[in-house]
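Note: the block below is data.txt and it holds compact mmCIF, C-alpha atoms and all ligand atoms.
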# COMPACT_ATOMS: atom_id res chain seq x y z
CA MET A 15 0.00 0.00 0.00
CA ASP A 16 1.19 3.49 -0.82
CA HIS A 17 1.22 5.52 2.41
CA GLU A 18 0.68 9.03 1.15
CA ILE A 19 0.40 10.12 4.78
CA LEU A 20 3.65 11.40 6.18
CA GLU A 21 4.82 10.68 9.69
CA GLU A 22 4.64 14.43 10.31
CA GLU A 23 0.97 14.51 9.39
CA LEU A 24 0.18 11.61 11.72
CA ALA A 25 1.86 13.39 14.61
CA ALA A 26 -0.02 16.64 13.94
CA TYR A 27 -3.24 14.65 13.53
CA ALA A 28 -2.79 12.94 16.90
CA LEU A 29 -2.28 16.37 18.49
CA GLY A 30 -5.41 17.71 16.80
CA ALA A 31 -3.15 20.29 15.13
CA LEU A 32 -4.31 19.73 11.55
CA PRO A 33 -6.81 22.07 9.90
CA PRO A 34 -10.15 20.25 9.32
CA GLU A 35 -9.64 19.47 5.63
CA GLU A 36 -6.19 17.98 6.25
CA ALA A 37 -7.46 16.02 9.25
CA ALA A 38 -10.23 14.61 7.04
CA ALA A 39 -7.66 13.44 4.48
CA VAL A 40 -5.64 11.69 7.18
CA ALA A 41 -8.78 10.13 8.68
CA ALA A 42 -9.76 8.81 5.26
CA HIS A 43 -6.36 7.16 4.84
CA LEU A 44 -6.44 5.72 8.37
CA ALA A 45 -9.85 4.19 7.77
CA GLY A 46 -8.30 1.88 5.16
CA CYS A 47 -4.79 1.44 6.52
CA PRO A 48 -4.24 -0.55 9.75
CA GLU A 49 -0.50 0.13 9.57
CA CYS A 50 -0.87 3.92 9.72
CA ARG A 51 -3.67 3.50 12.26
CA GLU A 52 -1.24 1.75 14.57
CA ARG A 53 1.35 4.51 14.05
CA ALA A 54 -1.29 7.15 14.76
CA ARG A 55 -2.34 5.29 17.91
CA ARG A 56 1.18 5.54 19.29
CA TYR A 57 1.28 9.28 18.68
CA ARG A 58 -2.13 9.59 20.26
CA GLU A 59 -0.89 7.88 23.43
CA ALA A 60 2.03 10.30 23.61
CA ALA A 61 -0.22 13.30 22.96
CA ALA A 62 -2.69 12.14 25.63
CA ALA A 63 0.11 11.91 28.19
CA LEU A 64 0.78 15.66 27.78
CA ALA A 65 -2.18 16.26 30.10
CA TYR A 66 0.17 15.24 32.90
CA ALA A 67 2.52 18.14 32.15
CA ALA A 68 0.06 20.57 33.73
CA PRO A 69 1.09 21.60 37.26
CA LEU A 70 -1.18 19.85 39.71
CA ARG A 71 -3.79 22.07 41.34
CA ARG A 72 -6.86 21.32 43.40
CA PRO A 73 -10.30 22.70 42.52
CA SER A 74 -12.31 24.31 45.32
CA PRO A 75 -14.28 21.87 47.52
CA ARG A 76 -17.43 23.75 46.48
CA LEU A 77 -17.12 22.25 42.99
CA LYS A 78 -17.72 18.72 44.22
CA ALA A 79 -20.71 19.90 46.22
CA ARG A 80 -22.15 21.56 43.10
CA LEU A 81 -21.65 18.41 41.02
CA LEU A 82 -23.33 16.18 43.58
CA ALA A 83 -26.16 18.65 44.12
CA ARG A 84 -26.80 18.65 40.39
CA ALA A 85 -26.68 14.88 40.24
CA ARG A 86 -29.26 14.71 43.02
CA GLY A 87 -31.54 16.84 40.91
CA ALA A 88 -31.28 20.02 42.96
CA GLU A 89 -30.30 22.00 39.89
CA ARG A 90 -32.32 20.02 37.42
CA ARG A 91 -34.86 22.70 36.62
CA ARG A 92 -32.25 25.29 35.82
CA GLU A 93 -30.36 22.71 33.80
CA ARG A 94 -33.33 22.06 31.54
CA GLY A 95 -33.42 25.64 30.44
CA LEU A 96 -29.81 25.75 29.33
CA GLY A 97 -30.20 24.09 25.96
CA LEU A 98 -27.84 21.67 24.34
CA GLY A 99 -24.48 23.24 25.00
CA ILE A 100 -21.05 22.99 23.50
CA ALA A 101 -20.16 20.90 26.53
CA LEU A 102 -22.55 18.18 25.54
CA ILE A 103 -21.42 18.28 21.93
CA ALA A 104 -17.81 18.04 23.04
CA ALA A 105 -18.68 15.16 25.30
CA VAL A 106 -20.47 13.36 22.51
CA LEU A 107 -17.58 13.96 20.14
CA ALA A 108 -15.25 12.49 22.71
CA LEU A 109 -17.53 9.47 22.82
CA ILE A 110 -17.23 9.12 19.05
CA LEU A 111 -13.47 9.37 19.29
CA PHE A 112 -13.24 6.61 21.82
CA ALA A 113 -16.23 4.39 21.16
CA PRO A 114 -15.01 1.06 19.76
CA SER A 115 -18.22 0.38 17.86
CA LEU A 116 -17.70 3.56 15.94
CA GLY A 117 -14.15 2.79 14.99
CA PHE A 118 -10.94 4.67 15.42
CA ARG A 119 -11.28 8.40 14.98
CA PHE A 120 -9.15 11.19 16.22
CA GLY A 121 -9.32 14.76 15.07
CA ALA A 122 -11.54 14.19 12.02
CA PRO A 123 -14.01 17.04 11.60
CA PRO A 124 -17.54 15.83 12.26
CA GLN A 125 -20.59 17.44 10.71
CA VAL A 126 -23.16 18.60 13.24
CA VAL A 127 -26.76 18.95 12.02
CA PRO A 128 -29.14 20.76 14.39
CA LEU A 129 -32.65 19.30 14.67
CA GLN A 130 -35.77 21.21 15.68
CA GLY A 131 -38.81 19.92 17.50
CA ALA A 132 -41.69 19.14 15.12
CA GLU A 133 -45.46 19.21 15.66
CA ALA A 134 -45.65 16.27 18.06
CA ALA A 135 -42.80 17.54 20.27
CA PRO A 136 -42.36 21.30 19.76
CA ASP A 137 -40.03 21.67 22.76
CA ALA A 138 -37.66 18.88 21.77
CA GLU A 139 -34.25 19.60 20.28
CA GLY A 140 -31.47 17.48 18.90
CA TYR A 141 -28.24 17.18 17.00
CA LEU A 142 -27.13 14.64 14.46
CA ILE A 143 -23.36 14.24 14.56
CA LEU A 144 -22.03 12.70 11.37
CA GLU A 145 -18.56 11.44 10.92
CA ASP A 146 -17.32 9.29 8.07
CA GLY A 147 -20.60 7.51 7.46
CA GLN A 148 -21.26 7.01 11.16
CA ALA A 149 -23.62 9.04 13.26
CA LEU A 150 -24.85 9.78 16.73
CA LEU A 151 -28.19 11.38 17.48
CA VAL A 152 -28.34 13.57 20.57
CA THR A 153 -31.83 14.43 21.78
CA LYS A 154 -33.04 16.80 24.44
CA GLY A 155 -36.50 16.98 25.94
CA LEU A 156 -37.90 14.05 23.97
CA ALA A 157 -40.56 12.26 26.06
CA VAL A 158 -40.42 8.52 26.72
CA PRO A 159 -42.61 6.99 23.96
CA PRO A 160 -45.91 5.36 25.02
CA GLU A 161 -45.97 1.58 25.55
CA GLY A 162 -45.63 -0.27 22.24
CA ARG A 163 -44.19 2.72 20.40
CA VAL A 164 -40.65 3.73 19.44
CA TYR A 165 -38.96 6.63 17.71
CA GLN A 166 -37.68 6.04 14.18
CA VAL A 167 -35.07 8.06 12.28
CA TRP A 168 -35.63 8.82 8.58
CA PHE A 169 -33.45 10.20 5.82
CA ALA A 170 -35.41 11.76 2.94
CA ASP A 171 -34.19 12.67 -0.56
CA ALA A 172 -35.35 15.58 -2.70
CA ALA A 173 -38.04 13.39 -4.30
CA GLY A 174 -39.48 12.54 -0.88
CA ARG A 175 -38.16 8.95 -0.82
CA ARG A 176 -37.25 7.88 2.71
CA VAL A 177 -34.94 5.30 4.23
CA SER A 178 -34.85 4.31 7.88
CA GLY A 179 -31.92 5.27 10.09
CA GLY A 180 -33.05 2.91 12.85
CA ILE A 181 -35.26 3.05 15.93
CA PHE A 182 -34.69 4.09 19.53
CA ARG A 183 -36.53 4.50 22.82
CA THR A 184 -35.77 7.47 25.03
CA GLN A 185 -35.10 7.09 28.74
CA PRO A 186 -36.62 9.36 31.40
CA ARG A 187 -33.58 11.65 31.28
CA PRO A 188 -33.29 15.13 29.79
CA TYR A 189 -30.72 14.06 27.19
CA GLY A 190 -30.35 10.93 25.11
CA VAL A 191 -27.57 9.70 22.81
CA TYR A 192 -28.28 7.06 20.13
CA THR A 193 -26.41 5.57 17.20
CA VAL A 194 -27.99 6.07 13.78
CA THR A 195 -27.59 4.00 10.62
CA VAL A 196 -26.51 6.36 7.87
CA PRO A 197 -27.59 5.50 4.30
CA LEU A 198 -24.88 5.67 1.64
CA PRO A 199 -24.34 7.80 -0.24
CA LEU A 200 -25.55 10.27 2.35
CA THR A 201 -25.30 13.09 -0.22
CA ALA A 202 -28.41 11.64 -1.89
CA TYR A 203 -30.46 12.75 1.15
CA ALA A 204 -31.60 16.27 1.90
CA ARG A 205 -33.49 16.01 5.17
CA ILE A 206 -33.63 14.01 8.39
CA GLY A 207 -36.72 13.44 10.50
CA VAL A 208 -37.77 11.44 13.57
CA THR A 209 -41.29 10.03 13.92
CA LEU A 210 -43.22 8.01 16.49
CA GLU A 211 -43.83 4.49 15.16
CA PRO A 212 -45.18 1.13 16.36
CA GLU A 213 -42.75 -1.21 18.16
CA GLY A 214 -40.15 -2.59 15.75
CA GLY A 215 -40.38 0.38 13.41
CA SER A 216 -42.18 0.89 10.08
CA PRO A 217 -41.13 0.46 6.43
CA SER A 218 -42.09 4.11 5.89
CA PRO A 219 -43.20 6.83 8.31
CA THR A 220 -46.74 6.52 9.67
CA GLY A 221 -46.72 8.48 12.93
CA PRO A 222 -46.33 12.11 13.93
CA GLN A 223 -42.97 13.83 13.53
CA VAL A 224 -41.01 14.83 16.64
CA LEU A 225 -37.71 16.17 15.21
CA ARG A 226 -36.55 17.42 11.82
CA GLY A 227 -33.45 18.92 10.28
CA VAL A 228 -31.80 19.78 6.99
CA LEU A 229 -28.65 17.99 5.78
CA ARG A 230 -26.10 20.07 3.93
CA MET B 264 -12.78 12.01 52.48
CA LYS B 265 -13.23 8.83 50.43
CA GLU B 266 -16.43 6.84 50.41
CA ALA B 267 -15.55 3.54 52.03
CA GLY B 268 -15.40 0.68 49.55
CA TYR B 269 -15.69 2.82 46.45
CA ALA B 270 -12.08 3.97 46.60
CA ASP B 271 -10.99 0.40 45.85
CA LEU B 272 -13.12 0.04 42.72
CA GLU B 273 -11.54 0.48 39.30
CA ASP B 274 -12.67 3.33 37.06
CA ALA B 275 -14.67 0.99 34.82
CA ALA B 276 -16.53 -0.42 37.81
CA LEU B 277 -17.31 3.07 39.10
CA LEU B 278 -18.56 4.08 35.64
CA ALA B 279 -20.83 1.06 35.51
CA ARG B 280 -22.33 2.14 38.84
CA ILE B 281 -22.62 5.75 37.68
CA ALA B 282 -24.54 4.55 34.63
CA GLY B 283 -26.96 2.98 37.09
CA GLY B 284 -27.42 6.32 38.87
CA ASP B 285 -25.08 5.75 41.85
CA GLU B 286 -24.10 9.18 43.20
CA GLN B 287 -21.51 7.76 45.58
CA ALA B 288 -19.70 6.24 42.62
CA LEU B 289 -19.71 9.65 40.94
CA ALA B 290 -18.24 11.18 44.10
CA ALA B 291 -15.51 8.54 44.20
CA LEU B 292 -14.63 9.00 40.53
CA TYR B 293 -14.52 12.75 41.07
CA ASP B 294 -12.24 12.42 44.12
CA ARG B 295 -9.86 10.30 42.11
CA HIS B 296 -9.65 12.37 38.93
CA ALA B 297 -10.91 15.92 39.50
CA ALA B 298 -7.57 17.46 40.50
CA ARG B 299 -5.82 16.27 37.34
CA ALA B 300 -8.78 17.30 35.17
CA PHE B 301 -8.88 20.72 36.83
CA SER B 302 -5.13 21.18 36.44
CA LEU B 303 -5.36 20.50 32.71
CA ALA B 304 -8.27 22.93 32.27
CA LEU B 305 -6.46 25.55 34.34
CA CYS B 306 -3.27 25.16 32.33
CA ILE B 307 -5.23 25.74 29.11
CA LEU B 308 -7.45 28.56 30.38
CA GLY B 309 -5.34 30.24 33.06
CA ASP B 310 -8.53 31.11 34.90
CA PRO B 311 -9.69 28.94 37.84
CA GLU B 312 -13.32 29.95 37.55
CA THR B 313 -13.75 28.87 33.92
CA ALA B 314 -11.57 25.82 34.58
CA GLU B 315 -13.97 24.73 37.32
CA GLU B 316 -16.95 25.19 34.99
CA VAL B 317 -15.20 22.95 32.46
CA VAL B 318 -14.59 20.26 35.05
CA LEU B 319 -18.18 20.51 36.26
CA ASP B 320 -19.51 20.18 32.70
CA VAL B 321 -17.33 17.18 31.97
CA PHE B 322 -18.26 15.32 35.14
CA TRP B 323 -21.88 16.20 34.51
CA SER B 324 -21.59 14.63 31.04
CA ILE B 325 -20.05 11.56 32.65
CA TRP B 326 -23.02 11.37 35.02
CA GLN B 327 -25.37 11.48 32.05
CA HIS B 328 -23.45 9.28 29.61
CA ALA B 329 -21.35 6.97 31.77
CA GLY B 330 -22.81 3.94 30.01
CA ALA B 331 -21.26 5.07 26.74
CA PHE B 332 -17.70 4.67 27.98
CA ALA B 333 -16.22 1.42 26.73
CA PRO B 334 -13.41 0.24 29.01
CA GLU B 335 -11.93 -2.07 26.37
CA ARG B 336 -11.18 0.96 24.22
CA GLY B 337 -8.62 2.40 26.57
CA ARG B 338 -7.94 4.09 29.84
CA PHE B 339 -10.66 6.24 31.32
CA THR B 340 -8.16 9.03 31.96
CA THR B 341 -7.33 9.27 28.24
CA TRP B 342 -11.00 9.77 27.53
CA LEU B 343 -11.49 12.16 30.45
CA HIS B 344 -8.52 14.34 29.53
CA ALA B 345 -9.59 14.48 25.88
CA MET B 346 -13.02 15.73 26.99
CA VAL B 347 -11.52 18.30 29.34
CA ARG B 348 -9.10 19.51 26.68
CA HIS B 349 -11.83 19.82 24.00
CA ARG B 350 -14.06 21.73 26.32
CA ALA B 351 -11.34 24.03 27.68
CA ILE B 352 -10.06 24.87 24.19
CA ASP B 353 -13.64 25.62 23.13
CA ALA B 354 -13.93 28.05 26.03
CA LEU B 355 -10.55 29.55 25.17
CA ARG B 356 -11.60 30.14 21.55
CA ARG B 357 -14.88 31.73 22.59
CA ARG B 358 -13.04 34.09 24.90
CA ARG B 359 -10.51 34.95 22.21
CA ALA B 360 -13.23 35.49 19.64
CA ARG B 361 -14.17 38.76 21.31
CA PRO B 362 -10.97 40.78 20.85
CA PRO B 363 -9.79 39.71 17.37
CA GLN B 364 -6.08 39.43 18.03
CA LEU B 365 -3.42 36.80 18.05
CA PRO B 366 -3.45 34.71 21.19
CA GLU B 367 -0.88 35.29 23.88
CA PRO B 368 2.33 33.33 23.66
CA PRO B 369 2.36 30.41 26.08
CA GLU B 370 3.38 30.91 29.67
CA GLU B 371 7.12 31.04 30.16
CA GLU B 372 7.62 27.58 31.53
CA MET B 373 5.48 24.83 32.83
CA GLU B 374 7.28 24.92 36.18
CA PRO B 375 7.93 21.48 37.61
CA ALA B 376 5.30 21.85 40.29
CA ALA B 377 5.99 20.38 43.67
CA LEU B 378 4.01 17.18 43.80
CA ASP B 379 1.35 17.08 46.42
CA PRO B 380 0.79 13.38 47.03
CA SER B 381 -2.50 14.02 48.77
CA VAL B 382 -3.87 15.54 45.55
CA GLU B 383 -2.78 12.83 43.17
CA ASP B 384 -3.06 9.61 45.08
CA LEU B 385 -2.54 7.27 42.16
CA VAL B 386 1.04 6.15 42.01
CA GLU B 387 0.98 5.54 38.23
CA ALA B 388 -0.37 9.03 37.64
CA ARG B 389 2.39 10.55 39.74
CA GLU B 390 5.04 8.56 37.90
CA LEU B 391 3.57 9.42 34.52
CA ALA B 392 3.45 13.12 35.44
CA GLN B 393 7.09 12.97 36.47
CA ALA B 394 8.11 11.20 33.25
CA VAL B 395 6.18 13.64 31.03
CA ARG B 396 7.82 16.61 32.72
CA GLU B 397 11.24 15.04 32.23
CA ALA B 398 10.45 14.28 28.59
CA LEU B 399 9.43 17.89 27.97
CA ALA B 400 12.44 19.23 29.85
CA ALA B 401 14.69 17.14 27.61
CA LEU B 402 13.31 18.74 24.43
CA PRO B 403 15.01 21.68 22.73
CA PRO B 404 12.98 24.78 23.77
CA ALA B 405 11.71 25.43 20.22
CA GLN B 406 10.29 21.88 20.00
CA ARG B 407 8.75 22.08 23.42
CA GLN B 408 7.13 25.40 22.54
CA VAL B 409 5.32 24.10 19.43
CA LEU B 410 4.13 21.02 21.30
CA GLU B 411 2.69 23.19 24.09
CA LEU B 412 1.03 25.55 21.61
CA ALA B 413 -0.63 22.61 19.86
CA TYR B 414 -1.70 20.75 22.97
CA PHE B 415 -2.46 23.48 25.51
CA ARG B 416 -3.64 26.18 23.11
CA GLY B 417 -5.34 23.95 20.54
CA TRP B 418 -3.64 25.70 17.64
CA THR B 419 -3.18 24.13 14.22
CA HIS B 420 0.28 23.94 12.70
CA ARG B 421 -0.69 26.86 10.42
CA GLU B 422 -1.67 29.04 13.36
CA ILE B 423 1.57 28.17 15.13
CA ALA B 424 3.60 28.99 12.00
CA ALA B 425 1.79 32.33 11.56
CA HIS B 426 2.23 33.23 15.21
CA LEU B 427 5.92 32.40 15.31
CA GLY B 428 6.60 33.78 11.83
CA GLU B 429 8.26 30.54 10.75
CA PRO B 430 7.75 28.41 7.62
CA LEU B 431 4.97 25.83 7.90
CA GLY B 432 7.38 23.03 7.00
CA THR B 433 9.61 23.94 9.92
CA ILE B 434 6.70 23.84 12.35
CA LYS B 435 5.47 20.51 10.98
CA SER B 436 8.82 18.82 11.47
CA ARG B 437 9.31 20.42 14.87
CA LEU B 438 5.93 19.15 16.05
CA TYR B 439 6.74 15.70 14.74
CA LEU B 440 10.18 15.55 16.33
CA ALA B 441 8.83 16.80 19.65
CA LEU B 442 5.96 14.31 19.85
CA ARG B 443 8.17 11.50 18.63
CA LYS B 444 10.73 12.17 21.36
CA VAL B 445 8.04 12.36 24.05
CA HIS B 446 6.62 9.09 22.77
CA ASP B 447 9.98 7.33 22.77
CA TRP B 448 10.86 8.68 26.20
CA LEU B 449 7.62 7.42 27.71
CA ALA B 450 7.58 4.13 25.82
CA GLU B 451 11.15 3.29 26.89
CA ARG B 452 10.08 3.73 30.50
CA GLY B 453 6.96 1.64 30.01
CA MET B 454 4.71 4.61 30.80
CA ILE B 455 2.54 4.29 27.69
CA PRO B 456 1.44 1.14 25.83
ZN ZN C 501 -0.96 3.97 5.48

Same coordinates, now as structure tokens:
Amino acid sequence: MDHEILEEELAAYALGALPPEEAAAVAAHLAGCPECRERARRYREAAAALAYAAPLRRPSPRLKARLLARARGAERRRERGLGLGIALIAAVLALILFAPSLGFRFGAPPQVVPLQGAEAAPDAEGYLILEDGQALLVTKGLAVPPEGRVYQVWFADAAGRRVSGGIFRTQPRPYGVYTVTVPLPLTAYARIGVTLEPEGGSPSPTGPQVLRGVLR
Amino acid sequence: MKEAGYADLEDAALLARIAGGDEQALAALYDRHAARAFSLALCILGDPETAEEVVLDVFWSIWQHAGAFAPERGRFTTWLHAMVRHRAIDALRRRRARPPQLPEPPEEEMEPAALDPSVEDLVEARELAQAVREALAALPPAQRQVLELAYFRGWTHREIAAHLGEPLGTIKSRLYLALRKVHDWLAERGMIP
């Protein structure tokens, strides 16, 4: 195999120091080249260790109290009003980077598609995070579906043809994160939607829409 | 300060409990890792208040998504520090977006801080911290500088080249040499897999 990726690029990639388009090129090569993937992994380990170069300091004890108070639900109401923040996106991206089922990824620029609540769930929000044909759906404020019903993800093309991106059930938590099956080529699809469907999902949408968004 | 019993559990076991809604497990995980996470955020941001918000956000995400962490993929700390770094650099960029100017050069030196064993109670973490500081100290200053700009400022090689007024090719090879040497230093000492 011809390794058009230079050692220098792998090092910069592992440090997250490549501009997005160059990182994408490296990621594309890594996807098909176990040899370079292994080299990149070694650089990534070294880059990760740099966290330990920071002089050790202790946060204020109040911080732990705030975290635990939030976890106990004391701050839950305020939390709900904050919207899906960069923090959550960053957290989800970190999950993509390290989730084994989603493959090895480090530093590749993901595409983030915002989703709005539709008629059946006007207060819901979401993000679809796409990366190299893999995707995570982040939802906020989506109610637990009634017994015997699930949510189903749809990709629609300009002609209105739809393919399923899979089904999911939300938990009684403000946020949810789900993996989505991305149809290929994704560029054939213009919109994404989420509907409420009978258990097991439907061949085409039958229920009310809860989320929708536009793919670029 | 430690919750009895929980302090002996491994990170993966704590995360499994956190995924089940166990607040004590969250407290134990926080006690073990918050100081290092905070130190990283503080080193990037230079501002304790924002650094604490970053740490709070990250541990809050862990509380909500603990089930998504897959222990077979790697060490929890690698994952944690990547999240903290992402989030802190995001905050840094937002702050910098206001006055449109080139970022400050990095702090003079990352002084070899006196280790406080009561803060970092994990022996491996203390040894790794020591080895990383030695590895950085062994680098030529110009190599160490580009590595710090990339890691602690989140700059791309182009931004580093523009800031230092050096050719891009020079910065690329400096970054590579620096990371390579850190890798070899740590690998020789068995500090990284
Ligand atoms: Zn290759």

Mind listing as a PDB file with C-alpha atoms, in the coordinates of the input all residues within 10 Å of (-2.5, 12.4, 14.6), counting only C-alpha atoms?
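File selection_19.pdb, as written:
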ATOM      1  CA  GLU A  21       4.820  10.680   9.690  1.00  0.00           C
ATOM      2  CA  GLU A  22       4.640  14.430  10.310  1.00  0.00           C
ATOM      3  CA  GLU A  23       0.970  14.510   9.390  1.00  0.00           C
ATOM      4  CA  LEU A  24       0.180  11.610  11.720  1.00  0.00           C
ATOM      5  CA  ALA A  25       1.860  13.390  14.610  1.00  0.00           C
ATOM      6  CA  ALA A  26      -0.020  16.640  13.940  1.00  0.00           C
ATOM      7  CA  TYR A  27      -3.240  14.650  13.530  1.00  0.00           C
ATOM      8  CA  ALA A  28      -2.790  12.940  16.900  1.00  0.00           C
ATOM      9  CA  LEU A  29      -2.280  16.370  18.490  1.00  0.00           C
ATOM     10  CA  GLY A  30      -5.410  17.710  16.800  1.00  0.00           C
ATOM     11  CA  ALA A  31      -3.150  20.290  15.130  1.00  0.00           C
ATOM     12  CA  LEU A  32      -4.310  19.730  11.550  1.00  0.00           C
ATOM     13  CA  ALA A  37      -7.460  16.020   9.250  1.00  0.00           C
ATOM     14  CA  VAL A  40      -5.640  11.690   7.180  1.00  0.00           C
ATOM     15  CA  ALA A  41      -8.780  10.130   8.680  1.00  0.00           C
ATOM     16  CA  LEU A  44      -6.440   5.720   8.370  1.00  0.00           C
ATOM     17  CA  CYS A  50      -0.870   3.920   9.720  1.00  0.00           C
ATOM     18  CA  ARG A  51      -3.670   3.500  12.260  1.00  0.00           C
ATOM     19  CA  ARG A  53       1.350   4.510  14.050  1.00  0.00           C
ATOM     20  CA  ALA A  54      -1.290   7.150  14.760  1.00  0.00           C
ATOM     21  CA  ARG A  55      -2.340   5.290  17.910  1.00  0.00           C
ATOM     22  CA  ARG A  56       1.180   5.540  19.290  1.00  0.00           C
ATOM     23  CA  TYR A  57       1.280   9.280  18.680  1.00  0.00           C
ATOM     24  CA  ARG A  58      -2.130   9.590  20.260  1.00  0.00           C
ATOM     25  CA  ALA A  61      -0.220  13.300  22.960  1.00  0.00           C
ATOM     26  CA  ARG A 119     -11.280   8.400  14.980  1.00  0.00           C
ATOM     27  CA  PHE A 120      -9.150  11.190  16.220  1.00  0.00           C
ATOM     28  CA  GLY A 121      -9.320  14.760  15.070  1.00  0.00           C
ATOM     29  CA  ALA A 122     -11.540  14.190  12.020  1.00  0.00           C
TER      30      ALA A 122
ATOM     31  CA  TYR B 439       6.740  15.700  14.740  1.00  0.00           C
TER      32      TYR B 439
END

Write out as a PyMOL selection string which residues come within 8 Å of Arg416 in chain B when counting all atoms listed in the file, dropping same-chain ones fewer than 4 positions away. chain B and resi 307+352+355+369+411-412

With distances taken over only C-alpha atoms, the candidate from B:Ala424, B:Ala298, B:Leu305, B:Val347 nearest chain A is B:Ala298

Nearest to chain A: which of B:Arg407, B:His344, B:Arg295, B:Arg338 is it, counting only C-alpha atoms?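 That would be B:His344, the residue with the smallest distance to chain A.
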
Å distance separating CA of Leu449 in chain B from CA of Val386 in chain B, one decimal place: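 CA of Val386 in chain B lies at a distance of 15.8 Å from CA of Leu449 in chain B.
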
As a PDB file with C-alpha atoms, in the coordinates of the input, please: the residues near Leu272 in chain B (cut-off 10 Å, all atoms listed in the file, same-chain neighbours under 6 positions excluded).
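For reference, selection.pdb as written:
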ATOM      1  CA  LEU B 278     -18.560   4.080  35.640  1.00  0.00           C
ATOM      2  CA  ALA B 288     -19.700   6.240  42.620  1.00  0.00           C
ATOM      3  CA  ALA B 291     -15.510   8.540  44.200  1.00  0.00           C
ATOM      4  CA  LEU B 292     -14.630   9.000  40.530  1.00  0.00           C
TER       5      LEU B 292
END

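Reported to one decimal place, the separation of CA of Gln130 in chain A from CA of Arg226 in chain A is 5.5 Å.
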
What's the separation between CA of Tyr203 in chain A and CA of Ala170 in chain A, in Å to one decimal place?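 Interatomic distance here is 5.4 Å.
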
Taking all atoms listed in the file into account, name the residue in A:Gly221, A:Gly207, A:Pro160, A:Pro199 that is nearest to Thr184 in chain A.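 The closest residue to Thr184 in chain A is A:Pro160.
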
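Using all atoms listed in the file, the nearest neighbour of Arg357 in chain B within the list B:Thr313, B:Gln393, B:Ser324, B:Thr341 is B:Thr313.
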
Enclosing box along x, y and z for every listed atom of range 351-359 of chain B, padded 4 Å each side, centre and size in Å, one decimal, as JSON:
{"center_x": -12.5, "center_y": 29.5, "center_z": 24.6, "size_x": 12.8, "size_y": 18.9, "size_z": 14.1}

Counting only C-alpha atoms, the residue of B:Leu277, B:Ala441, B:Ala413, B:Ala405 that sits nearest chain A: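 When distances to chain A are compared using only C-alpha atoms, the smallest one comes from B:Ala413.
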
Would you mind telling me which residue in B:Ile423, B:Ala276, B:Ala314, B:Leu303 lies nearest to chain A when using all atoms listed in the file?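 Smallest distance to chain A is found for B:Leu303.
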
Using all atoms listed in the file, determine which residues lie at most 10 Å from Tyr165 in chain A, disregarding the query and same-chain residues fewer than 6 positions distant; provide the list as an MDAnalysis selection string. chainID A and resid 156 158:159 180:184 208:215 221:225

Atoms kept (C-alpha atoms) for selection, written as an mmCIF file, keeping the file's coordinate frame:
data_model
loop_
_atom_site.group_PDB
_atom_site.id
_atom_site.type_symbol
_atom_site.label_atom_id
_atom_site.label_comp_id
_atom_site.auth_asym_id
_atom_site.auth_seq_id
_atom_site.Cartn_x
_atom_site.Cartn_y
_atom_site.Cartn_z
ATOM 1 C CA LEU A 156 -37.900 14.050 23.970
ATOM 2 C CA VAL A 158 -40.420 8.520 26.720
ATOM 3 C CA PRO A 159 -42.610 6.990 23.960
ATOM 4 C CA GLY A 180 -33.050 2.910 12.850
ATOM 5 C CA ILE A 181 -35.260 3.050 15.930
ATOM 6 C CA PHE A 182 -34.690 4.090 19.530
ATOM 7 C CA ARG A 183 -36.530 4.500 22.820
ATOM 8 C CA THR A 184 -35.770 7.470 25.030
ATOM 9 C CA VAL A 208 -37.770 11.440 13.570
ATOM 10 C CA THR A 209 -41.290 10.030 13.920
ATOM 11 C CA LEU A 210 -43.220 8.010 16.490
ATOM 12 C CA GLU A 211 -43.830 4.490 15.160
ATOM 13 C CA PRO A 212 -45.180 1.130 16.360
ATOM 14 C CA GLU A 213 -42.750 -1.210 18.160
ATOM 15 C CA GLY A 214 -40.150 -2.590 15.750
ATOM 16 C CA GLY A 215 -40.380 0.380 13.410
ATOM 17 C CA GLY A 221 -46.720 8.480 12.930
ATOM 18 C CA PRO A 222 -46.330 12.110 13.930
ATOM 19 C CA GLN A 223 -42.970 13.830 13.530
ATOM 20 C CA VAL A 224 -41.010 14.830 16.640
ATOM 21 C CA LEU A 225 -37.710 16.170 15.210
#

Contact residues around Glu316 in chain B with all atoms listed in the file at 12 Å, ignoring same-chain residues under 6 positions, as a ChimeraX atom specification: /A:73-74,76-78,80-81,101 /B:297,300-301,304-305,308,310,322-323,347,350-351,354
